[in-house]
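Notes for the one structure printed next.
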Amino acid sequence: MSCTHLPRYQRNAVSRWPRQGRQCAASVAVTGLRVLFETHGNAILQAGHIRDNGGFHEIYYEVHGAAHGAPVVVVHGGPGAGCYVNHTRFFDLNRYKVVLLDQRGCGRSTPRGCLVENNTAALVSDLELLRQHLGIDKWLLFGGSWGVTLSLAYALAHPHRVTAMILRGVCTMRQQEIDWMYGGGAGVLKPWAWQRFLDHLDLEERQAPLLSYYRRLLSPDASCRDAAARSWMEWEMSVGFDSRGQLLDWDGSQWSSLNFPATSPPRTPPRPSRSASSSAPATASAQRMASSREYRLETRVRRAGPPPQPAPTTVPDERLSSLLEFGLSYSGDPGMSTSTAQALLECHYSVHGAFLRGQHNPISTPSSPQAEMSSGKAVVHGPRRGPRSSRAKSGPDHDAPLLERVHALRHIPAIAVHGQMDLVCPPTTAFELHRAWPELQLRLVPGALHSMYDPAITHELVEATTLMYDVVKQA
């Protein structure tokens with residue numbers, strides 16, 4: 001994955017991973033780890049857009065590799081992260097035909113950031129439409145993170161079109177998984193980063209951070225939504241990527257992020273308060289973070305105190321209806337950056353539980369449907385954008401949670417790869433998928449985090465694509 005294809009805030013954090021795929025064969029013998037395949041001037045076999053059945057979205061796709069190779073579709077994460085040519089390097093392109101696509105509202109698909117008819121069932125229909133468009137009878141699903149959720153949903157809807165599945169960083173978008181990331185769960189392990197995530201919001205907004213970010217990301221003010229997106233993605237990167245080389249240091253007045261072990265600046269002894277009897281809480285003004293090789297951060301530390309507690313993910317009923325209705329009818333903005341679109345799509349699907357809460361268990365609706373949002377800096381008022389329908393207020397139907405249905409996939413060959421130290425998608429989700437689907441081969445990778453470019457995760461994924469080739473060709 002070329003770092004120039006990533007948002008600026010991701011480039012430093014990700015840049016070290018693709019180099020693992022360019023190591024020589026000798027290094028493989030030394031480390032014992034498999035690396036990404038070389039592309040050797042990989043040419044695009046086919047590229048273009050398909051229009052969704054409703055005619056509102058245009059979905060971008062590319063086809064790489066061998067024209068008559070074993071077909072596989074890469075189901076990217078996010079939602080909204082998009083596909084990159086580097087994703088093809090998990091496959092031997094002399095033997096595989098690799099299909100990439102950018103899901104609705106992200107990457108090179110248009111309209112960017114559009115939430116109209118942007119739900120899991122719609123993305124499933126796009127995958128099936130693309131399969132038909134390309135004349136592929138069956139294909140291997142290669143999904144990671146959110147892409148696991150979408151791959152499972154597609155396989156449940158079209159099991160006879162799936163030859164096999166390779167899943168990485170298992171995510172099923174249950175409420176407990178959403179609460180882990182955006183309700184304060186992961187904040188127990190990353191309290192400093194979680195506090196920064198909350199500091200972007202006003203005090204009242206912090207009572208429901210997920211919905212407060214949703215409101216800001218839907219703001220007509222581009223500067224408001226872009227700032228929210230930067231804070232959102234910064235939190236995600238802090239949880240998802242390795243921070244073992246960084247020391248977070250509070251020197252009594254400000255935070256710094258330093259290379260570990262810290263050699264500069266010279267440390268000084270603690271300077272305790274002059275008044276030992278003072279009971280007033282300590283405060284600190286906004287301070288600029290020290291530069292680090294990973295990123296430059298700026299933070300405000302409002303109050304020294306105990307670690308943050310998990311925050312509720314709901315708001316009073318009278319505020320909810322207008323926000324949800326506006327989101328479901330939001331038609332995007334052509335000037336929106338790819339990173340802001342990703343943050344918006346991730347937040348949208350998280351607010352709605354990926355539309356997988358069950359037919360009789362959609363997101364709660366307020367007792368007063370006419371109530372309007374009236375507080376917060378990014379108040380959602382103004383004209384609706386995008387087509388209106390009778391389903392706008394209630395939203396699309398929800399399918400049943402995935403773990404209640406995966407027993408229907410037990411005839412499909414599948415391998416799941418999951419880092420034992422994955423903090424974005426805790427390993428318990430992978431374990432619970434294994435319990436519901438015992439035939440699934442599960443690789444819990446020691447020391448590995450969430451990224452597909454973690455060397456140990458890359459090794460297992462390349463092993464899996466090599467192992468699955470004969471399964472796909474014989475299907």
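Residue names in the structure tokens use chain letters A, B, ... in the order shown, residue numbers from 1 in each chain, and ligand numbers from 1 in the order shown.
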Requested in this report: Give the strand (DSSP E) residues of range 91-316 of chain A, as assigned by DSSP on the backbone, as an NGL selection string.
Outcome: :A and (96-101 or 139-144 or 162-168 or 246-250 or 255-259 or 287-288 or 298-299)
Exercise: Leu150 in chain A partners within 8 Å, only C-alpha atoms, chain neighbours under 3 positions left out, as a PDB file with N, CA and C atoms, in the first residue's frame:
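Contents of the output file part-v2.pdb:
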ATOM      1  N   VAL A  75     -12.741  -7.534   0.067  1.00  0.00           N
ATOM      2  CA  VAL A  75     -13.815  -6.790   0.734  1.00  0.00           C
ATOM      3  C   VAL A  75     -13.155  -5.923   1.805  1.00  0.00           C
ATOM      4  N   THR A 120     -25.849  -2.267   4.950  1.00  0.00           N
ATOM      5  CA  THR A 120     -25.204  -3.549   4.688  1.00  0.00           C
ATOM      6  C   THR A 120     -25.878  -4.310   3.562  1.00  0.00           C
ATOM      7  N   LEU A 123     -24.796  -2.913   0.252  1.00  0.00           N
ATOM      8  CA  LEU A 123     -23.432  -3.280  -0.124  1.00  0.00           C
ATOM      9  C   LEU A 123     -23.363  -4.737  -0.588  1.00  0.00           C
ATOM     10  N   VAL A 124     -24.160  -5.586   0.031  1.00  0.00           N
ATOM     11  CA  VAL A 124     -24.248  -6.976  -0.422  1.00  0.00           C
ATOM     12  C   VAL A 124     -24.759  -7.025  -1.859  1.00  0.00           C
ATOM     13  N   GLY A 143     -11.899 -10.786   3.239  1.00  0.00           N
ATOM     14  CA  GLY A 143     -12.402  -9.624   3.959  1.00  0.00           C
ATOM     15  C   GLY A 143     -11.656  -9.381   5.251  1.00  0.00           C
ATOM     16  N   TRP A 146     -14.149  -4.607   9.167  1.00  0.00           N
ATOM     17  CA  TRP A 146     -15.519  -4.442   8.675  1.00  0.00           C
ATOM     18  C   TRP A 146     -15.770  -5.359   7.481  1.00  0.00           C
ATOM     19  N   GLY A 147     -14.736  -5.611   6.681  1.00  0.00           N
ATOM     20  CA  GLY A 147     -14.891  -6.503   5.537  1.00  0.00           C
ATOM     21  C   GLY A 147     -15.281  -7.917   5.927  1.00  0.00           C
ATOM     22  N   ALA A 153     -22.134 -11.336   5.659  1.00  0.00           N
ATOM     23  CA  ALA A 153     -23.480 -10.973   5.199  1.00  0.00           C
ATOM     24  C   ALA A 153     -23.702 -11.404   3.753  1.00  0.00           C
ATOM     25  N   TYR A 154     -22.680 -11.203   2.906  1.00  0.00           N
ATOM     26  CA  TYR A 154     -22.811 -11.625   1.502  1.00  0.00           C
ATOM     27  C   TYR A 154     -22.933 -13.142   1.404  1.00  0.00           C
TER      28      TYR A 154
END
Requested in this report: Tell me which protein, DNA and RNA residues are within 8 Å of range 83-90 of chain A, counting only C-alpha atoms, leaving out same-chain ones fewer than 3 positions away, and put them as a count of residues only.
Outcome: 20
Requested in this report: List every residue of range 120-182 of chain A that DSSP, applied to the backbone of this structure, assigns to alpha helix (DSSP H), and report them as a ChimeraX atom specification.
Outcome: /A:120-134,146-157,175-182
So that I have them on file, write out the residues from the current selection with N, CA, C and O atoms, as a tab-separated table (two decimals), in the first residue's frame.
chain	number	residue	atom	x	y	z
A	120	THR	N	-25.85	-2.27	4.95
A	120	THR	CA	-25.20	-3.55	4.69
A	120	THR	C	-25.88	-4.31	3.56
A	120	THR	O	-25.21	-4.87	2.68
A	121	ALA	N	-27.20	-4.35	3.55
A	121	ALA	CA	-27.91	-5.07	2.48
A	121	ALA	C	-27.60	-4.47	1.12
A	121	ALA	O	-27.46	-5.20	0.12
A	122	ALA	N	-27.48	-3.14	1.05
A	122	ALA	CA	-27.16	-2.48	-0.21
A	122	ALA	C	-25.75	-2.84	-0.68
A	122	ALA	O	-25.51	-3.06	-1.88
A	123	LEU	N	-24.80	-2.91	0.25
A	123	LEU	CA	-23.43	-3.28	-0.12
A	123	LEU	C	-23.36	-4.74	-0.59
A	123	LEU	O	-22.59	-5.07	-1.49
A	124	VAL	N	-24.16	-5.59	0.03
A	124	VAL	CA	-24.25	-6.98	-0.42
A	124	VAL	C	-24.76	-7.02	-1.86
A	124	VAL	O	-24.23	-7.76	-2.71
A	125	SER	N	-25.77	-6.23	-2.16
A	125	SER	CA	-26.32	-6.23	-3.52
A	125	SER	C	-25.31	-5.70	-4.53
A	125	SER	O	-25.28	-6.16	-5.67
A	126	ASP	N	-24.46	-4.75	-4.11
A	126	ASP	CA	-23.42	-4.24	-5.00
A	126	ASP	C	-22.41	-5.32	-5.34
A	126	ASP	O	-21.97	-5.45	-6.50
A	127	LEU	N	-22.01	-6.10	-4.35
A	127	LEU	CA	-21.08	-7.20	-4.60
A	127	LEU	C	-21.66	-8.20	-5.59
A	127	LEU	O	-20.98	-8.66	-6.51
A	128	GLU	N	-22.93	-8.53	-5.39
A	128	GLU	CA	-23.56	-9.50	-6.28
A	128	GLU	C	-23.72	-8.92	-7.69
A	128	GLU	O	-23.52	-9.63	-8.70
A	129	LEU	N	-24.05	-7.64	-7.79
A	129	LEU	CA	-24.16	-6.99	-9.09
A	129	LEU	C	-22.81	-6.99	-9.81
A	129	LEU	O	-22.74	-7.24	-11.03
A	130	LEU	N	-21.73	-6.74	-9.09
A	130	LEU	CA	-20.40	-6.74	-9.69
A	130	LEU	C	-20.01	-8.14	-10.14
A	130	LEU	O	-19.42	-8.31	-11.23
A	131	ARG	N	-20.32	-9.15	-9.34
A	131	ARG	CA	-20.02	-10.53	-9.75
A	131	ARG	C	-20.70	-10.85	-11.08
A	131	ARG	O	-20.09	-11.41	-12.00
A	132	GLN	N	-21.96	-10.49	-11.19
A	132	GLN	CA	-22.69	-10.74	-12.43
A	132	GLN	C	-22.10	-9.94	-13.59
A	132	GLN	O	-21.97	-10.44	-14.71
A	133	HIS	N	-21.75	-8.69	-13.32
A	133	HIS	CA	-21.18	-7.83	-14.36
A	133	HIS	C	-19.88	-8.40	-14.93
A	133	HIS	O	-19.62	-8.30	-16.14
A	134	LEU	N	-19.07	-9.01	-14.05
A	134	LEU	CA	-17.79	-9.56	-14.48
A	134	LEU	C	-17.90	-10.99	-15.01
A	134	LEU	O	-16.91	-11.55	-15.47
A	146	TRP	N	-14.15	-4.61	9.17
A	146	TRP	CA	-15.52	-4.44	8.67
A	146	TRP	C	-15.77	-5.36	7.48
A	146	TRP	O	-16.88	-5.86	7.29
A	147	GLY	N	-14.74	-5.61	6.68
A	147	GLY	CA	-14.89	-6.50	5.54
A	147	GLY	C	-15.28	-7.92	5.93
A	147	GLY	O	-15.85	-8.65	5.12
A	148	VAL	N	-14.99	-8.33	7.16
A	148	VAL	CA	-15.46	-9.62	7.66
A	148	VAL	C	-16.97	-9.59	7.81
A	148	VAL	O	-17.68	-10.51	7.39
A	149	THR	N	-17.48	-8.51	8.41
A	149	THR	CA	-18.93	-8.38	8.57
A	149	THR	C	-19.63	-8.46	7.21
A	149	THR	O	-20.60	-9.21	7.04
A	150	LEU	N	-19.13	-7.68	6.25
A	150	LEU	CA	-19.76	-7.66	4.93
A	150	LEU	C	-19.60	-8.99	4.21
A	150	LEU	O	-20.53	-9.45	3.53
A	151	SER	N	-18.46	-9.63	4.36
A	151	SER	CA	-18.27	-10.95	3.73
A	151	SER	C	-19.24	-11.98	4.29
A	151	SER	O	-19.83	-12.77	3.54
A	152	LEU	N	-19.42	-11.98	5.61
A	152	LEU	CA	-20.37	-12.91	6.22
A	152	LEU	C	-21.79	-12.62	5.73
A	152	LEU	O	-22.56	-13.55	5.43
A	153	ALA	N	-22.13	-11.34	5.66
A	153	ALA	CA	-23.48	-10.97	5.20
A	153	ALA	C	-23.70	-11.40	3.75
A	153	ALA	O	-24.78	-11.90	3.40
A	154	TYR	N	-22.68	-11.20	2.91
A	154	TYR	CA	-22.81	-11.62	1.50
A	154	TYR	C	-22.93	-13.14	1.40
A	154	TYR	O	-23.78	-13.66	0.66
A	155	ALA	N	-22.10	-13.86	2.13
A	155	ALA	CA	-22.13	-15.32	2.07
A	155	ALA	C	-23.48	-15.87	2.54
A	155	ALA	O	-23.98	-16.86	2.00
A	156	LEU	N	-24.07	-15.23	3.55
A	156	LEU	CA	-25.38	-15.67	4.02
A	156	LEU	C	-26.47	-15.41	2.98
A	156	LEU	O	-27.42	-16.18	2.85
A	157	ALA	N	-26.32	-14.33	2.22
A	157	ALA	CA	-27.31	-14.00	1.19
A	157	ALA	C	-27.11	-14.80	-0.09
A	157	ALA	O	-28.07	-15.12	-0.79
A	175	GLN	N	-23.37	-4.80	19.29
A	175	GLN	CA	-23.33	-3.58	20.07
A	175	GLN	C	-22.13	-3.55	21.01
A	175	GLN	O	-21.52	-2.50	21.22
A	176	GLN	N	-21.77	-4.71	21.58
A	176	GLN	CA	-20.63	-4.70	22.50
A	176	GLN	C	-19.33	-4.39	21.77
A	176	GLN	O	-18.40	-3.81	22.37
A	177	GLU	N	-19.23	-4.74	20.50
A	177	GLU	CA	-18.04	-4.40	19.72
A	177	GLU	C	-17.98	-2.90	19.43
A	177	GLU	O	-16.91	-2.28	19.47
A	178	ILE	N	-19.14	-2.32	19.13
A	178	ILE	CA	-19.21	-0.88	18.88
A	178	ILE	C	-18.92	-0.11	20.15
A	178	ILE	O	-18.17	0.88	20.15
A	179	ASP	N	-19.50	-0.56	21.27
A	179	ASP	CA	-19.24	0.10	22.55
A	179	ASP	C	-17.77	0.00	22.95
A	179	ASP	O	-17.23	0.91	23.60
A	180	TRP	N	-17.12	-1.09	22.59
A	180	TRP	CA	-15.70	-1.24	22.89
A	180	TRP	C	-14.89	-0.10	22.26
A	180	TRP	O	-14.06	0.52	22.91
A	181	MET	N	-15.16	0.20	20.99
A	181	MET	CA	-14.38	1.23	20.29
A	181	MET	C	-14.85	2.63	20.60
A	181	MET	O	-14.04	3.55	20.76
A	182	TYR	N	-16.16	2.84	20.67
A	182	TYR	CA	-16.68	4.21	20.72
A	182	TYR	C	-17.51	4.52	21.96
A	182	TYR	O	-18.09	5.60	22.05
Query raised in the report: Contacts of Ala66 in chain A at 8 Å or less, counting only C-alpha atoms, minus same-chain residues fewer than 6 places along, as a list in words?
Result: Leu93, Asn94, Arg95, Tyr96 and Lys97 of chain A
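Among the candidates A:Ser243, A:Asn259, A:Thr338, A:Ser321, the one nearest to Ala229 in chain A when counting only C-alpha atoms is A:Thr338.
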Residues near range 422-428 of chain A, cut-off 8 Å, only C-alpha atoms, skip fewer than 3 positions along chain, as an mmCIF file with N, CA and C atoms, in the first residue's frame:
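Result file result15.cif:
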data_model
loop_
_atom_site.group_PDB
_atom_site.id
_atom_site.type_symbol
_atom_site.label_atom_id
_atom_site.label_comp_id
_atom_site.auth_asym_id
_atom_site.auth_seq_id
_atom_site.Cartn_x
_atom_site.Cartn_y
_atom_site.Cartn_z
ATOM 1 N N SER A 145 -11.599 -6.933 8.935
ATOM 2 C CA SER A 145 -12.228 -6.002 9.864
ATOM 3 C C SER A 145 -13.708 -5.835 9.494
ATOM 4 N N GLY A 169 -9.039 -10.146 11.225
ATOM 5 C CA GLY A 169 -9.519 -9.167 12.198
ATOM 6 C C GLY A 169 -11.019 -9.242 12.341
ATOM 7 N N VAL A 170 -11.503 -10.337 12.896
ATOM 8 C CA VAL A 170 -12.938 -10.657 12.871
ATOM 9 C C VAL A 170 -13.762 -9.579 13.576
ATOM 10 N N CYS A 171 -14.754 -9.089 12.856
ATOM 11 C CA CYS A 171 -15.682 -8.067 13.345
ATOM 12 C C CYS A 171 -17.077 -8.457 12.905
ATOM 13 N N GLU A 177 -19.229 -4.741 20.495
ATOM 14 C CA GLU A 177 -18.040 -4.396 19.723
ATOM 15 C C GLU A 177 -17.985 -2.895 19.432
ATOM 16 N N MET A 181 -15.158 0.197 20.985
ATOM 17 C CA MET A 181 -14.379 1.225 20.290
ATOM 18 C C MET A 181 -14.855 2.633 20.599
ATOM 19 N N ALA A 186 -12.224 0.451 24.909
ATOM 20 C CA ALA A 186 -10.794 0.473 24.594
ATOM 21 C C ALA A 186 -10.079 1.599 25.320
ATOM 22 N N GLU A 236 -8.792 6.041 16.199
ATOM 23 C CA GLU A 236 -8.738 4.723 15.578
ATOM 24 C C GLU A 236 -7.295 4.262 15.359
ATOM 25 N N VAL A 239 -5.518 3.147 18.551
ATOM 26 C CA VAL A 239 -5.920 1.821 19.018
ATOM 27 C C VAL A 239 -5.396 0.732 18.096
ATOM 28 N N GLY A 240 -5.336 1.031 16.799
ATOM 29 C CA GLY A 240 -5.052 -0.012 15.824
ATOM 30 C C GLY A 240 -3.602 -0.289 15.544
ATOM 31 N N HIS A 418 -6.484 -13.750 13.182
ATOM 32 C CA HIS A 418 -6.775 -12.690 14.145
ATOM 33 C C HIS A 418 -5.599 -12.497 15.091
ATOM 34 N N GLY A 419 -5.174 -11.244 15.268
ATOM 35 C CA GLY A 419 -4.083 -10.952 16.181
ATOM 36 C C GLY A 419 -4.501 -11.111 17.632
ATOM 37 N N PHE A 431 -13.189 -15.739 18.624
ATOM 38 C CA PHE A 431 -13.444 -16.977 19.357
ATOM 39 C C PHE A 431 -14.926 -17.329 19.337
ATOM 40 N N GLU A 432 -15.780 -16.319 19.451
ATOM 41 C CA GLU A 432 -17.217 -16.584 19.427
ATOM 42 C C GLU A 432 -17.679 -16.988 18.033
ATOM 43 N N LEU A 444 -5.091 -17.661 15.764
ATOM 44 C CA LEU A 444 -4.887 -16.565 16.703
ATOM 45 C C LEU A 444 -3.389 -16.293 16.773
ATOM 46 N N ALA A 448 0.396 -10.196 17.552
ATOM 47 C CA ALA A 448 -0.046 -9.416 16.397
ATOM 48 C C ALA A 448 -1.196 -8.491 16.763
ATOM 49 N N LEU A 449 -1.251 -7.364 16.052
ATOM 50 C CA LEU A 449 -2.299 -6.377 16.267
ATOM 51 C C LEU A 449 -3.371 -6.512 15.193
ATOM 52 N N HIS A 450 -3.946 -5.391 14.756
ATOM 53 C CA HIS A 450 -5.096 -5.419 13.854
ATOM 54 C C HIS A 450 -4.725 -5.352 12.374
#
